[in-house]
Structure formats: C-alpha cells, structure tokens
$ cat final38.tsv   # TSV, C-alpha atoms
chain	number	residue	atom	x	y	z
A	11	MET	CA	54.22	33.82	20.81
A	12	LYS	CA	54.34	33.09	24.52
A	13	LYS	CA	54.20	29.58	25.95
A	14	THR	CA	50.88	30.37	27.59
A	15	HIS	CA	49.39	31.08	24.14
A	16	TYR	CA	50.50	27.67	22.86
A	17	PHE	CA	49.08	26.13	25.98
A	18	LEU	CA	45.73	27.89	25.48
A	19	ILE	CA	45.50	26.94	21.78
A	20	GLY	CA	46.33	23.35	22.67
A	21	ALA	CA	43.67	23.31	25.38
A	22	VAL	CA	41.05	24.69	22.98
A	23	ILE	CA	41.92	22.09	20.29
A	24	ILE	CA	41.79	19.23	22.80
A	25	SER	CA	38.50	20.32	24.39
A	26	THR	CA	36.90	20.87	20.94
A	27	SER	CA	38.06	17.42	19.82
A	28	ILE	CA	36.63	15.84	22.97
A	29	ALA	CA	33.29	17.64	22.44
A	30	VAL	CA	33.10	16.59	18.76
A	31	TYR	CA	34.11	13.01	19.62
A	32	SER	CA	31.57	12.69	22.42
A	33	PHE	CA	28.85	14.18	20.19
A	34	PHE	CA	29.42	11.56	17.51
A	35	ALA	CA	30.29	8.74	19.88
A	36	THR	CA	27.09	9.10	21.95
A	37	PRO	CA	24.41	6.89	20.41
A	38	LYS	CA	21.20	8.64	19.45
A	39	ILE	CA	18.51	6.86	21.42
A	40	ALA	CA	14.74	7.33	21.47
A	41	VAL	CA	11.84	5.63	23.20
A	42	VAL	CA	8.47	4.77	21.66
A	43	ASP	CA	5.22	3.68	23.28
A	44	PHE	CA	4.81	0.76	20.88
A	45	LYS	CA	1.33	-0.22	22.03
A	46	ARG	CA	0.01	3.30	21.41
A	47	LEU	CA	1.90	3.47	18.12
A	48	VAL	CA	0.20	0.32	16.85
A	49	ASN	CA	-3.25	1.11	18.26
A	50	ASP	CA	-3.32	4.67	16.91
A	51	TYR	CA	-1.90	3.65	13.54
A	52	GLN	CA	-4.52	4.27	10.84
A	53	GLY	CA	-3.55	0.97	9.21
A	54	MET	CA	-4.54	-0.83	12.42
A	55	LYS	CA	-7.84	1.07	12.62
A	56	ASP	CA	-8.70	0.22	8.99
A	57	ALA	CA	-7.65	-3.42	9.40
A	58	THR	CA	-9.79	-3.69	12.56
A	59	LEU	CA	-12.79	-2.32	10.65
A	60	GLU	CA	-12.26	-4.89	7.88
A	61	TYR	CA	-11.97	-7.63	10.49
A	62	GLU	CA	-15.19	-6.50	12.16
A	63	LYS	CA	-16.98	-6.50	8.80
A	64	LYS	CA	-15.89	-10.10	8.20
A	65	MET	CA	-16.97	-11.06	11.73
A	66	THR	CA	-20.38	-9.45	11.21
A	67	GLY	CA	-20.84	-11.53	8.05
A	68	TRP	CA	-19.86	-14.73	9.82
A	69	ASN	CA	-22.08	-13.93	12.81
A	70	THR	CA	-25.05	-13.29	10.51
A	71	THR	CA	-24.62	-16.80	9.05
A	72	SER	CA	-24.31	-18.19	12.57
A	73	ASP	CA	-27.50	-16.38	13.67
A	74	SER	CA	-29.47	-17.67	10.70
A	75	LEU	CA	-28.38	-21.25	11.50
A	76	THR	CA	-29.46	-20.79	15.15
A	77	ASP	CA	-32.83	-19.40	14.03
A	78	ALA	CA	-33.35	-22.35	11.68
A	79	ILE	CA	-32.71	-24.83	14.53
A	80	LYS	CA	-35.04	-22.89	16.89
A	81	ASN	CA	-37.82	-22.88	14.28
A	82	GLU	CA	-37.38	-26.57	13.50
A	83	LEU	CA	-37.45	-27.38	17.21
A	84	SER	CA	-40.57	-25.33	17.94
A	85	ASP	CA	-42.36	-26.88	14.90
A	86	TYR	CA	-41.37	-30.30	16.16
A	87	TYR	CA	-42.84	-29.62	19.63
A	88	ALA	CA	-46.04	-28.26	18.11
A	89	ASP	CA	-46.45	-31.26	15.79
A	90	SER	CA	-45.09	-33.99	18.07
A	91	ALA	CA	-48.51	-35.04	19.39
A	92	PHE	CA	-49.65	-35.86	15.83
A	93	LEU	CA	-46.49	-37.55	14.54
A	94	SER	CA	-46.02	-41.25	14.03
A	95	LYS	CA	-43.03	-42.95	15.64
A	96	GLN	CA	-41.10	-42.99	12.33
A	97	GLU	CA	-41.92	-39.33	11.58
A	98	ARG	CA	-40.76	-38.39	15.06
A	99	ILE	CA	-37.45	-40.21	14.51
A	100	ASN	CA	-36.98	-38.48	11.15
A	101	ARG	CA	-37.63	-35.02	12.60
A	102	GLU	CA	-35.33	-35.66	15.56
A	103	THR	CA	-32.56	-36.89	13.25
A	104	LYS	CA	-32.95	-33.75	11.18
A	105	ILE	CA	-32.67	-31.51	14.24
A	106	ILE	CA	-29.60	-33.38	15.51
A	107	SER	CA	-27.98	-33.07	12.08
A	108	MET	CA	-28.72	-29.31	12.01
A	109	ARG	CA	-27.28	-28.91	15.50
A	110	ASN	CA	-24.12	-30.82	14.51
A	111	LYS	CA	-23.68	-28.63	11.46
A	112	PHE	CA	-24.09	-25.56	13.65
A	113	MET	CA	-21.50	-26.85	16.14
A	114	GLU	CA	-19.08	-27.51	13.28
A	115	PHE	CA	-19.68	-24.05	11.84
A	116	SER	CA	-19.19	-22.40	15.25
A	117	LYS	CA	-15.91	-24.22	15.79
A	118	GLY	CA	-14.73	-23.21	12.32
A	119	LEU	CA	-15.87	-19.66	12.95
A	120	GLU	CA	-13.87	-19.45	16.15
A	121	GLU	CA	-10.77	-20.83	14.43
A	122	ASN	CA	-11.20	-18.52	11.43
A	123	ALA	CA	-11.70	-15.50	13.68
A	124	MET	CA	-8.55	-16.31	15.62
A	125	ALA	CA	-6.50	-16.94	12.49
A	126	GLU	CA	-7.79	-13.74	10.87
A	127	ASP	CA	-7.05	-11.71	14.00
A	128	GLN	CA	-3.54	-13.13	14.20
A	129	LYS	CA	-2.89	-12.51	10.50
A	130	MET	CA	-4.14	-8.94	10.76
A	131	THR	CA	-1.99	-8.21	13.82
A	132	ILE	CA	1.15	-9.67	12.23
A	133	GLU	CA	0.58	-7.67	9.02
A	134	VAL	CA	0.07	-4.41	10.89
A	135	VAL	CA	2.98	-4.95	13.28
A	136	ASN	CA	5.25	-5.77	10.31
A	137	GLN	CA	4.15	-2.57	8.59
A	138	VAL	CA	4.91	-0.56	11.75
A	139	LEU	CA	8.29	-2.23	12.35
A	140	SER	CA	9.37	-1.72	8.74
A	141	PHE	CA	8.46	1.95	8.98
A	142	VAL	CA	10.25	2.37	12.34
A	143	GLU	CA	13.40	0.98	10.70
A	144	LYS	CA	13.10	3.42	7.79
A	145	TYR	CA	12.34	6.34	10.13
A	146	GLY	CA	15.25	5.44	12.43
A	147	ASN	CA	17.64	5.31	9.48
A	148	GLU	CA	16.46	8.59	8.01
A	149	LYS	CA	16.55	10.43	11.34
A	150	GLY	CA	19.93	8.98	12.33
A	151	TYR	CA	18.85	7.03	15.38
A	152	ASP	CA	21.14	4.30	16.67
A	153	VAL	CA	18.53	2.71	18.90
A	154	ILE	CA	14.75	3.06	19.21
A	155	LEU	CA	13.47	1.33	22.31
A	156	GLY	CA	9.90	0.14	22.69
A	157	LYS	CA	8.21	1.15	25.92
A	158	ASN	CA	5.50	-1.33	26.80
A	159	GLU	CA	3.86	-2.57	29.93
A	160	GLY	CA	6.26	-4.71	31.95
A	161	ASP	CA	9.30	-4.02	29.78
A	162	GLU	CA	12.80	-2.94	30.76
A	163	VAL	CA	12.49	0.79	30.09
A	164	LEU	CA	11.79	2.01	33.61
A	165	TYR	CA	12.52	5.66	33.01
A	166	ARG	CA	12.98	7.95	30.04
A	167	LYS	CA	13.22	11.69	29.69
A	168	ALA	CA	10.05	13.09	28.10
A	169	SER	CA	12.18	14.57	25.31
A	170	MET	CA	13.38	11.07	24.36
A	171	ASP	CA	9.82	9.90	23.68
A	172	ILE	CA	9.24	10.21	19.93
A	173	THR	CA	5.89	8.38	19.86
A	174	ASN	CA	3.91	11.41	18.60
A	175	ASP	CA	6.36	12.32	15.84
A	176	LEU	CA	6.73	8.72	14.75
A	177	LEU	CA	2.97	8.16	14.78
A	178	GLN	CA	2.42	11.25	12.65
A	179	ALA	CA	5.04	10.10	10.13
A	180	LEU	CA	3.66	6.55	10.19
A	181	ASN	CA	0.13	7.70	9.41
A	182	ARG	CA	1.39	10.02	6.68
A	183	ASN	CA	3.23	7.07	5.17
A	184	TYR	CA	0.08	4.94	5.39
A	185	GLU	CA	-1.92	7.55	3.49
A	186	GLY	CA	0.71	7.24	0.80
A	187	PHE	CA	1.18	10.96	0.06
B	16	MET	CA	-0.82	48.63	-33.68
B	17	LYS	CA	1.44	49.14	-30.66
B	18	GLY	CA	-1.17	47.48	-28.40
B	19	PHE	CA	-1.38	44.53	-30.78
B	20	LYS	CA	2.38	44.02	-30.58
B	21	ILE	CA	2.34	44.07	-26.78
B	22	TYR	CA	-0.50	41.53	-26.69
B	23	THR	CA	1.37	39.30	-29.14
B	24	ILE	CA	4.50	39.43	-26.99
B	25	ILE	CA	2.51	38.69	-23.83
B	26	LEU	CA	0.72	35.76	-25.53
B	27	LEU	CA	4.01	34.40	-26.85
B	28	PHE	CA	5.56	34.71	-23.39
B	29	LEU	CA	2.58	32.97	-21.75
B	30	SER	CA	2.54	30.15	-24.29
B	31	LEU	CA	6.27	29.59	-23.74
B	32	ALA	CA	5.84	29.71	-19.96
B	33	CYS	CA	2.94	27.26	-20.03
B	34	SER	CA	4.40	24.77	-22.50
B	35	LYS	CA	6.08	21.70	-21.07
B	36	SER	CA	9.78	21.29	-21.56
B	37	GLU	CA	10.67	18.33	-23.78
B	38	VAL	CA	13.26	15.93	-22.47
B	39	SER	CA	14.97	12.78	-23.66
B	40	LEU	CA	13.66	9.38	-22.55
B	41	LYS	CA	16.69	8.97	-20.28
B	42	ASP	CA	15.96	12.30	-18.58
B	43	TYR	CA	12.29	11.36	-18.28
B	44	TYR	CA	13.22	8.13	-16.47
B	45	GLU	CA	15.50	10.09	-14.13
B	46	TRP	CA	12.73	12.59	-13.39
B	47	GLN	CA	10.22	9.80	-12.83
B	48	GLU	CA	12.56	7.89	-10.51
B	49	ASP	CA	13.02	10.89	-8.19
B	50	GLU	CA	10.42	10.34	-5.47
B	51	SER	CA	10.27	14.05	-4.65
B	52	ASN	CA	8.53	14.62	-8.02
B	53	GLY	CA	5.51	12.71	-6.73
B	54	VAL	CA	4.93	10.10	-9.43
B	55	HIS	CA	7.02	7.39	-7.80
B	56	LYS	CA	6.18	5.88	-4.41
B	57	THR	CA	7.93	3.09	-2.54
B	58	LYS	CA	7.06	1.04	0.50
B	59	THR	CA	8.73	-1.83	2.30
B	60	VAL	CA	6.96	-4.22	4.63
B	61	GLY	CA	9.12	-6.92	6.13
B	62	GLU	CA	11.11	-8.43	3.30
B	63	ILE	CA	8.82	-7.28	0.50
B	64	ALA	CA	9.34	-3.99	-1.34
B	65	PHE	CA	6.63	-2.25	-3.34
B	66	ASP	CA	7.37	0.34	-6.00
B	67	MET	CA	4.47	2.17	-7.66
B	68	LYS	CA	4.91	4.54	-10.61
B	69	LEU	CA	2.24	6.71	-12.17
B	70	LEU	CA	2.86	6.88	-15.91
B	71	SER	CA	2.18	10.05	-17.84
B	72	PRO	CA	-0.03	10.03	-20.98
B	73	ASP	CA	2.93	11.51	-22.83
B	74	TYR	CA	5.15	8.56	-21.91
B	75	LEU	CA	2.45	6.02	-22.82
B	76	THR	CA	1.93	7.77	-26.16
B	77	TYR	CA	5.68	7.65	-26.73
B	78	LEU	CA	5.71	3.89	-26.08
B	79	GLU	CA	2.79	3.38	-28.45
B	80	LEU	CA	4.33	5.39	-31.27
B	81	LYS	CA	7.92	4.23	-30.79
B	82	GLY	CA	9.26	2.98	-34.09
B	83	GLU	CA	6.25	4.26	-36.04
B	84	GLY	CA	8.36	6.53	-38.25
B	85	THR	CA	6.63	9.83	-38.98
B	86	VAL	CA	4.28	10.88	-36.23
B	87	THR	CA	1.76	13.55	-37.10
B	88	PRO	CA	0.54	15.89	-34.35
B	89	GLN	CA	-3.04	14.64	-35.01
B	90	LEU	CA	-2.05	11.01	-34.42
B	91	LYS	CA	-0.10	11.94	-31.31
B	92	ASP	CA	-3.01	13.99	-29.92
B	93	SER	CA	-5.60	11.28	-30.53
B	94	ILE	CA	-3.50	8.65	-28.72
B	95	MET	CA	-2.65	11.09	-25.95
B	96	LYS	CA	-6.36	11.86	-25.48
B	97	PHE	CA	-7.06	8.17	-24.93
B	98	TYR	CA	-4.38	7.85	-22.28
B	99	GLU	CA	-5.38	11.11	-20.58
B	100	ASN	CA	-8.74	9.67	-19.62
B	101	ASN	CA	-7.17	6.65	-17.90
B	102	LEU	CA	-4.76	6.32	-15.02
B	103	THR	CA	-1.90	3.93	-15.67
B	104	PHE	CA	0.54	2.61	-13.08
B	105	VAL	CA	3.38	0.14	-12.89
B	106	LEU	CA	3.68	-1.77	-9.64
B	107	THR	CA	6.92	-3.62	-8.99
B	108	ILE	CA	6.96	-6.19	-6.22
B	109	GLY	CA	10.34	-7.49	-5.20
B	110	PRO	CA	12.54	-8.39	-2.28
B	111	ALA	CA	13.52	-5.55	0.05
B	112	GLU	CA	17.08	-4.24	-0.08
B	113	GLU	CA	19.60	-6.75	1.17
B	114	SER	CA	17.17	-9.62	0.52
B	115	HIS	CA	17.69	-11.98	-2.39
B	116	PHE	CA	14.77	-14.19	-3.29
B	117	ASP	CA	12.35	-14.64	-6.12
B	118	ILE	CA	8.94	-13.32	-5.10
B	119	THR	CA	7.20	-16.05	-7.07
B	120	SER	CA	8.64	-18.71	-4.78
B	121	VAL	CA	9.21	-17.01	-1.42
B	122	GLY	CA	7.42	-18.84	1.39
B	123	ILE	CA	6.36	-21.62	-0.99
B	124	LYS	CA	6.57	-25.19	0.32
B	125	ASN	CA	5.39	-27.32	-2.57
B	126	TYR	CA	4.24	-27.31	-6.19
B	127	GLU	CA	0.55	-26.75	-5.29
B	128	GLU	CA	1.46	-23.58	-3.41
B	129	TYR	CA	3.65	-22.44	-6.29
B	130	ALA	CA	0.80	-22.99	-8.75
B	131	GLU	CA	-1.52	-21.03	-6.46
B	132	ARG	CA	1.03	-18.18	-6.21
B	133	MET	CA	1.35	-18.00	-9.99
B	134	LYS	CA	-2.45	-18.02	-10.36
B	135	GLN	CA	-2.72	-15.14	-7.88
B	136	LEU	CA	0.01	-13.11	-9.60
B	137	ASN	CA	-1.33	-13.72	-13.08
B	138	PHE	CA	-5.08	-13.56	-12.60
B	139	GLU	CA	-6.10	-12.32	-9.16
B	140	MET	CA	-4.19	-9.07	-8.74
B	141	ALA	CA	-7.15	-7.02	-9.97
B	142	GLU	CA	-9.17	-8.19	-6.97
B	143	LEU	CA	-6.52	-6.83	-4.61
B	144	LEU	CA	-6.10	-3.42	-6.21
B	145	GLU	CA	-8.38	-0.41	-5.95
B	146	LEU	CA	-8.26	3.28	-6.83
B	147	ARG	CA	-9.83	5.59	-4.25
B	148	SER	CA	-10.60	9.28	-4.30
B	149	ASP	CA	-13.07	11.32	-2.24
B	150	GLY	CA	-14.96	8.23	-1.10
B	151	LYS	CA	-15.29	6.80	-4.64
B	152	LYS	CA	-13.69	3.51	-5.64
B	153	TRP	CA	-12.62	2.02	-8.96
B	154	LYS	CA	-11.41	-1.49	-9.72
B	155	PRO	CA	-8.70	-1.80	-12.38
B	156	ALA	CA	-9.79	-2.36	-15.97
B	157	ILE	CA	-6.50	-4.12	-16.77
B	158	VAL	CA	-3.83	-5.74	-14.64
B	159	GLU	CA	-1.16	-7.72	-16.39
B	160	MET	CA	2.05	-9.20	-15.15
B	161	GLU	CA	4.98	-8.43	-17.43
B	162	ASN	CA	6.80	-11.35	-18.95
B	163	ILE	CA	10.28	-11.81	-17.62
B	164	TYR	CA	12.87	-13.29	-19.90
B	165	GLY	CA	15.62	-13.88	-17.40
B	166	LEU	CA	16.46	-14.53	-13.84
B	167	GLU	CA	14.76	-11.76	-11.90
B	168	PHE	CA	13.65	-11.58	-8.29
B	169	HIS	CA	10.89	-9.01	-8.82
B	170	ARG	CA	7.74	-8.91	-10.93
B	171	LYS	CA	6.11	-5.93	-12.64
B	172	PHE	CA	2.40	-5.32	-13.08
B	173	ASN	CA	0.85	-2.86	-15.52
B	174	ILE	CA	-2.33	-1.47	-14.00
B	175	VAL	CA	-4.92	0.63	-15.82
B	176	PHE	CA	-7.93	2.31	-14.23
B	177	SER	CA	-10.58	3.49	-16.67
B	178	PRO	CA	-13.60	5.75	-16.20
B	179	GLU	CA	-16.79	3.90	-15.29
B	180	GLU	CA	-19.48	6.58	-15.65
B	181	LYS	CA	-18.14	9.76	-17.24
B	182	THR	CA	-15.19	9.87	-19.64
B	183	ASP	CA	-13.44	12.61	-17.71
B	184	GLU	CA	-14.10	11.33	-14.17
B	185	LEU	CA	-10.49	10.26	-13.61
B	186	VAL	CA	-8.94	13.32	-15.26
B	187	LYS	CA	-10.79	15.52	-12.79
B	188	LEU	CA	-9.39	13.89	-9.66
B	189	ASP	CA	-7.05	16.20	-7.77
B	190	LYS	CA	-5.67	13.46	-5.55
B	191	PHE	CA	-6.08	9.72	-5.66
B	192	THR	CA	-4.75	6.66	-3.89
B	193	VAL	CA	-4.03	3.19	-5.19
B	194	MET	CA	-4.65	0.60	-2.48
B	195	PHE	CA	-3.06	-2.82	-2.60
B	196	ASP	CA	-4.59	-5.31	-0.19
B	197	ASP	CA	-1.82	-7.87	-0.13
B	198	GLU	CA	-3.35	-11.29	0.32
B	199	ILE	CA	-0.40	-12.87	-1.48
B	200	PHE	CA	2.57	-12.01	0.72
B	201	ASP	CA	0.47	-11.05	3.77
B	202	THR	CA	1.94	-7.58	4.20
B	203	GLY	CA	-1.42	-5.90	4.83
B	204	THR	CA	-2.83	-2.96	2.91
B	205	SER	CA	-0.41	-0.52	1.28
B	206	SER	CA	-1.54	2.86	-0.04
B	207	PHE	CA	0.19	4.88	-2.74
B	208	GLY	CA	-1.10	8.45	-2.94
B	209	PHE	CA	-0.68	10.69	-5.99
B	210	LEU	CA	-1.57	14.26	-6.87
B	211	LYS	CA	-2.87	15.44	-10.24
B	212	SER	CA	-0.43	18.34	-9.99
B	213	SER	CA	2.50	15.89	-10.02
B	214	LEU	CA	1.23	14.36	-13.24
B	215	GLU	CA	0.82	17.80	-14.78
B	216	LYS	CA	4.42	18.64	-13.94
B	217	THR	CA	5.71	15.59	-15.82
B	218	PRO	CA	8.05	16.69	-18.60
B	219	ALA	CA	7.09	15.89	-22.19
B	220	ILE	CA	9.26	13.44	-24.11
B	221	LYS	CA	11.02	14.31	-27.35
B	222	PHE	CA	9.53	12.13	-30.07
$ encode --input "final38.tsv" --output "structure tokens"
Amino acid sequence: MKKTHYFLIGAVIISTSIAVYSFFATPKIAVVDFKRLVNDYQGMKDATLEYEKKMTGWNTTSDSLTDAIKNELSDYYADSAFLSKQERINRETKIISMRNKFMEFSKGLEENAMAEDQKMTIEVVNQVLSFVEKYGNEKGYDVILGKNEGDEVLYRKASMDITNDLLQALNRNYEGF
Amino acid sequence: MKGFKIYTIILLFLSLACSKSEVSLKDYYEWQEDESNGVHKTKTVGEIAFDMKLLSPDYLTYLELKGEGTVTPQLKDSIMKFYENNLTFVLTIGPAEESHFDITSVGIKNYEEYAERMKQLNFEMAELLELRSDGKKWKPAIVEMENIYGLEFHRKFNIVFSPEEKTDELVKLDKFTVMFDDEIFDTGTSSFGFLKSSLEKTPAIKF
C-alpha cells in the first residue's frame, strides 16, 4: 500500500473522529417562549376558570352586603323624620357596624384573592417546570432557555424554538393520556 | 358433518384467540408497572411524585380469594362481577426521584400542622379526587390510606369509584380520567387518563 493511501485513511479517521466528537460535544440547546407556554397550558386555563368561579362567589357575597347597607341607609333616610333621638342613634350605629363589617370583608376578599392568585400561579408554574425537566431529559436537551420579555435571549434561530412541540406535549401530559 | 367440523374448529380457534392469557402474579406486576400498557400513570410536580394504577377486576378477585383454598368458577365469577362494575385505583404519593422526605411531614412546621396533614390524608382525600368522563363526574365511594408498618417516605391510597345511577355506567366508559386537586401539597390539579381498552388487555392471573 502506498504512503498516500495511509495518509488518506489517516485523514478520513481523523476527520470522522472530529465530526463525531463535535456532534456529541456540542450541547443541545432549545429556546421556549415561557410566557406563551404557561398561558396556553390547559392546566393554567382550567386553574384560571376555577379562580374566576371562586371570585364570582366572593363578589356575590360582597354585592349582597353592599345591597343590605344601601337598603338600610335608604330606610333610615325615609324614616328619619319620625324617629326619636335614641332610635336614630340605634339605626346609625347599626349602619356603621354594617359598613365596618363590609370594609373588613372587602379587605379579606382582596387578600384572599391575591393569595389564591399567587397559589394558583405557583402551582401551575411548578407543573410546567417539572414537565420541561422531564421533556428535556427525554429529548436529550442540555439546556432549554426561556425567552421572555426583557430577558437575555436576544436572538434565536426559528428552528431552536420548541415552544409549539413542548406545549403540545405539556397539554397531552395534562390530559393524562 | 364436514361443515360441523369446520365450524367447531373455527369456534375453538376463536375462543382460544379471544381468551386472556393467564400469567403469574409476578408477571402481572411487571405488566402493570410498564407504563406503555396504559394502566399505570406517573406525574411529578416539584418534589412530589404521583403514581396512579388502575387495578383489574381479575387482580382484585385474586386478592380477595387469596388463601381461600378451593376456588370454584362460580365464586370467582360472582366476585369478579362485583369488581367489574367498579373502577379501582391505587394512588401512591411520594417524594420525587432524588428527594428523600416523608410526605406526611414535608413542609410541616409544628404539631398542629402535622395533625392537619394527617387529617387531610386520612379523611379528606375523597374531596380532592374525582372521576371524569364525557362531561360526567363521580366522587369516590371509598378512599383509604394504607397502613404502613415501617419507615416509608410515600403513602398509598386505595380509591374505588362506584356506579351512582346504573350498575353498568362505569363499565361502559371508553375513556376516563381521575383528577386529583392537590390542596395538600399545593401541586395543582393532576389528571390521570385511562382507556377501557387498556383494562381489557390486562392479563388474567393464575389462581
């Protein structure tokens, strides 16, 4: 065998090794629009519906308290001309007490709504993050970057964006089938 | 006469083709564990792992008759019939892989919280579970936490859904989902979907 043949075989082996090495050494990276992933996640949509249902219930109670105060107040104005001093004091005390209760309820409502919203968001984001980890492992990704407003990912090739595939898999996982 | 023979052979062939293969309990467990067979679903949210298994009527009948000595086909069929009308699951809640903590005490700060956690696990799980199919919903008829006689990090719950209107309403479902609205560990709602066809493919157990 001529020297040139050895040289050629050597060159082929080296270039193949370099190609194989660079293939495995290059980290597999993908980018995900995290905001869209969370917002379009069926789990988020269902949790939002549940939250809205709870809010509707709370608001109904709030409305009925407001109506009760309005009615009491209008009755008081209608009757005020015929009330004794003591009766007037009693009715005014009652209205003030009702208003205080309403204020207390409204404050509690606001706090509850905030806490519920925060709890819901944390639960959903945890579900999404846990699935992204599983998906990344199964698909052999080394890094999955989140693309959000104001973050560090300034450019990514369209082919690196796996939001649609991930969202599809995430929703399939949520359905449980 | 010749026609009769052919029909007999065809019927024999069909009955053999349609009959379920009988396997040992060990093989049944292996088959059940394999998620691709569709009766075992897992989910992990944060540090909590959920594992839901749909149990076959055959397996439940086996458990009921284990150690009974002679089992007549009539006895087996009557017990099997009972289980066929219900849907039975085992939900295991435990720490995710690489995590090591007891789920009864994770996130607990004091005795009151521990007592509340135990109350939830023992008596309030039924409120958090629901079976759904084609817009219909069922609450579990039974949810019981299995006793653990040792140091374990996970807990198992036996869950049974029973028909509410018609005896065969659950048997007829082609696909159904068990929803777990986790108010205990705050992991949100997890769904575990199952197909009737997966249950039908379950191998029978050698008695």
$ residues_near_point --input "final38.tsv" --point "(15.8, -12.2, -10.7)" --cutoff "12 Å" --atoms "only C-alpha atoms" --output "PyMOL selection string"
chain B and resi 108-110+114-120+163-171
$ interface_residues --input "final38.tsv" --of "chain B" --to "chain A" --cutoff "10 Å" --atoms "all atoms listed in the file" --output "number ranges by chain"
B: 53, 56-63, 190-194, 197, 200-210
$ write_last_selection --input "final38.tsv" --atoms "C-alpha atoms" --output "PDB file, in the coordinates of the input"
ATOM      1  CA  GLY B  53       5.510  12.710  -6.730  1.00  0.00           C
ATOM      2  CA  LYS B  56       6.180   5.880  -4.410  1.00  0.00           C
ATOM      3  CA  THR B  57       7.930   3.090  -2.540  1.00  0.00           C
ATOM      4  CA  LYS B  58       7.060   1.040   0.500  1.00  0.00           C
ATOM      5  CA  THR B  59       8.730  -1.830   2.300  1.00  0.00           C
ATOM      6  CA  VAL B  60       6.960  -4.220   4.630  1.00  0.00           C
ATOM      7  CA  GLY B  61       9.120  -6.920   6.130  1.00  0.00           C
ATOM      8  CA  GLU B  62      11.110  -8.430   3.300  1.00  0.00           C
ATOM      9  CA  ILE B  63       8.820  -7.280   0.500  1.00  0.00           C
ATOM     10  CA  LYS B 190      -5.670  13.460  -5.550  1.00  0.00           C
ATOM     11  CA  PHE B 191      -6.080   9.720  -5.660  1.00  0.00           C
ATOM     12  CA  THR B 192      -4.750   6.660  -3.890  1.00  0.00           C
ATOM     13  CA  VAL B 193      -4.030   3.190  -5.190  1.00  0.00           C
ATOM     14  CA  MET B 194      -4.650   0.600  -2.480  1.00  0.00           C
ATOM     15  CA  ASP B 197      -1.820  -7.870  -0.130  1.00  0.00           C
ATOM     16  CA  PHE B 200       2.570 -12.010   0.720  1.00  0.00           C
ATOM     17  CA  ASP B 201       0.470 -11.050   3.770  1.00  0.00           C
ATOM     18  CA  THR B 202       1.940  -7.580   4.200  1.00  0.00           C
ATOM     19  CA  GLY B 203      -1.420  -5.900   4.830  1.00  0.00           C
ATOM     20  CA  THR B 204      -2.830  -2.960   2.910  1.00  0.00           C
ATOM     21  CA  SER B 205      -0.410  -0.520   1.280  1.00  0.00           C
ATOM     22  CA  SER B 206      -1.540   2.860  -0.040  1.00  0.00           C
ATOM     23  CA  PHE B 207       0.190   4.880  -2.740  1.00  0.00           C
ATOM     24  CA  GLY B 208      -1.100   8.450  -2.940  1.00  0.00           C
ATOM     25  CA  PHE B 209      -0.680  10.690  -5.990  1.00  0.00           C
ATOM     26  CA  LEU B 210      -1.570  14.260  -6.870  1.00  0.00           C
TER      27      LEU B 210
END
$ residues_around --input "final38.tsv" --residues "stretch 149-154 of chain A" --least-positions-apart "2" --cutoff "8 Å" --atoms "all atoms listed in the file" --output "PDB file with C-alpha atoms, keeping the file's coordinate frame"
ATOM      1  CA  PRO A  37      24.410   6.890  20.410  1.00  0.00           C
ATOM      2  CA  LYS A  38      21.200   8.640  19.450  1.00  0.00           C
ATOM      3  CA  ILE A  39      18.510   6.860  21.420  1.00  0.00           C
ATOM      4  CA  ALA A  40      14.740   7.330  21.470  1.00  0.00           C
ATOM      5  CA  VAL A  41      11.840   5.630  23.200  1.00  0.00           C
ATOM      6  CA  VAL A  42       8.470   4.770  21.660  1.00  0.00           C
ATOM      7  CA  TYR A 145      12.340   6.340  10.130  1.00  0.00           C
ATOM      8  CA  GLY A 146      15.250   5.440  12.430  1.00  0.00           C
ATOM      9  CA  ASN A 147      17.640   5.310   9.480  1.00  0.00           C
ATOM     10  CA  GLY A 156       9.900   0.140  22.690  1.00  0.00           C
TER      11      GLY A 156
END
$ atom_distance --input "final38.tsv" --atom1 "atom CA of B:Gln135" --atom2 "atom CA of B:Lys151"
25.5 Å
$ residues_around --input "final38.tsv" --residues "stretch 92-98 of chain B" --least-positions-apart "2" --cutoff "9 Å" --atoms "all atoms listed in the file" --output "list in words"
Ser71, Pro72, Asp73, Leu75, Thr76, Glu79, Leu80, Thr87, Pro88, Gln89, Leu90, Asn100, Asn101, Leu102 and Thr103 of chain B
$ atom_distance --input "final38.tsv" --atom1 "atom CA of A:Asn174" --atom2 "atom CA of A:Glu143"
16.2 Å
$ residues_around --input "final38.tsv" --residues "A:Met113" --least-positions-apart "6" --cutoff "12 Å" --atoms "all atoms listed in the file" --output "ChimeraX atom specification"
/A:72,75-76,79,106-107,119-120
$ axis_aligned_box --input "final38.tsv" --around "stretch 126-133 of chain A" --padding-each-side "8 Å" --output "lines of an AutoDock Vina configuration file"
center_x = -3.3
center_y = -10.7
center_z = 11.6
size_x = 24.9
size_y = 22.1
size_z = 21.2
$ atom_distance --input "final38.tsv" --atom1 "atom CA of B:Ser177" --atom2 "atom CA of B:Ser51"
26.3 Å
$ closest_residue --input "final38.tsv" --among "A:Leu177, A:Lys157, A:Ser116, A:Phe17" --to "A:Trp68" --atoms "all atoms listed in the file"
A:Ser116
$ residues_around --input "final38.tsv" --residues "A:Ala88" --least-positions-apart "6" --cutoff "12 Å" --atoms "only C-alpha atoms" --output "PyMOL selection string"
chain A and resi 81-82+98
$ residues_around --input "final38.tsv" --residues "B:Asn173" --least-positions-apart "5" --cutoff "9 Å" --atoms "all atoms listed in the file" --output "number ranges by chain"
B: 103-107, 157-161
$ closest_residue --input "final38.tsv" --among "B:Phe222, B:Phe195, B:Tyr129, B:Tyr77" --to "B:Leu146" --atoms "only C-alpha atoms"
B:Phe195
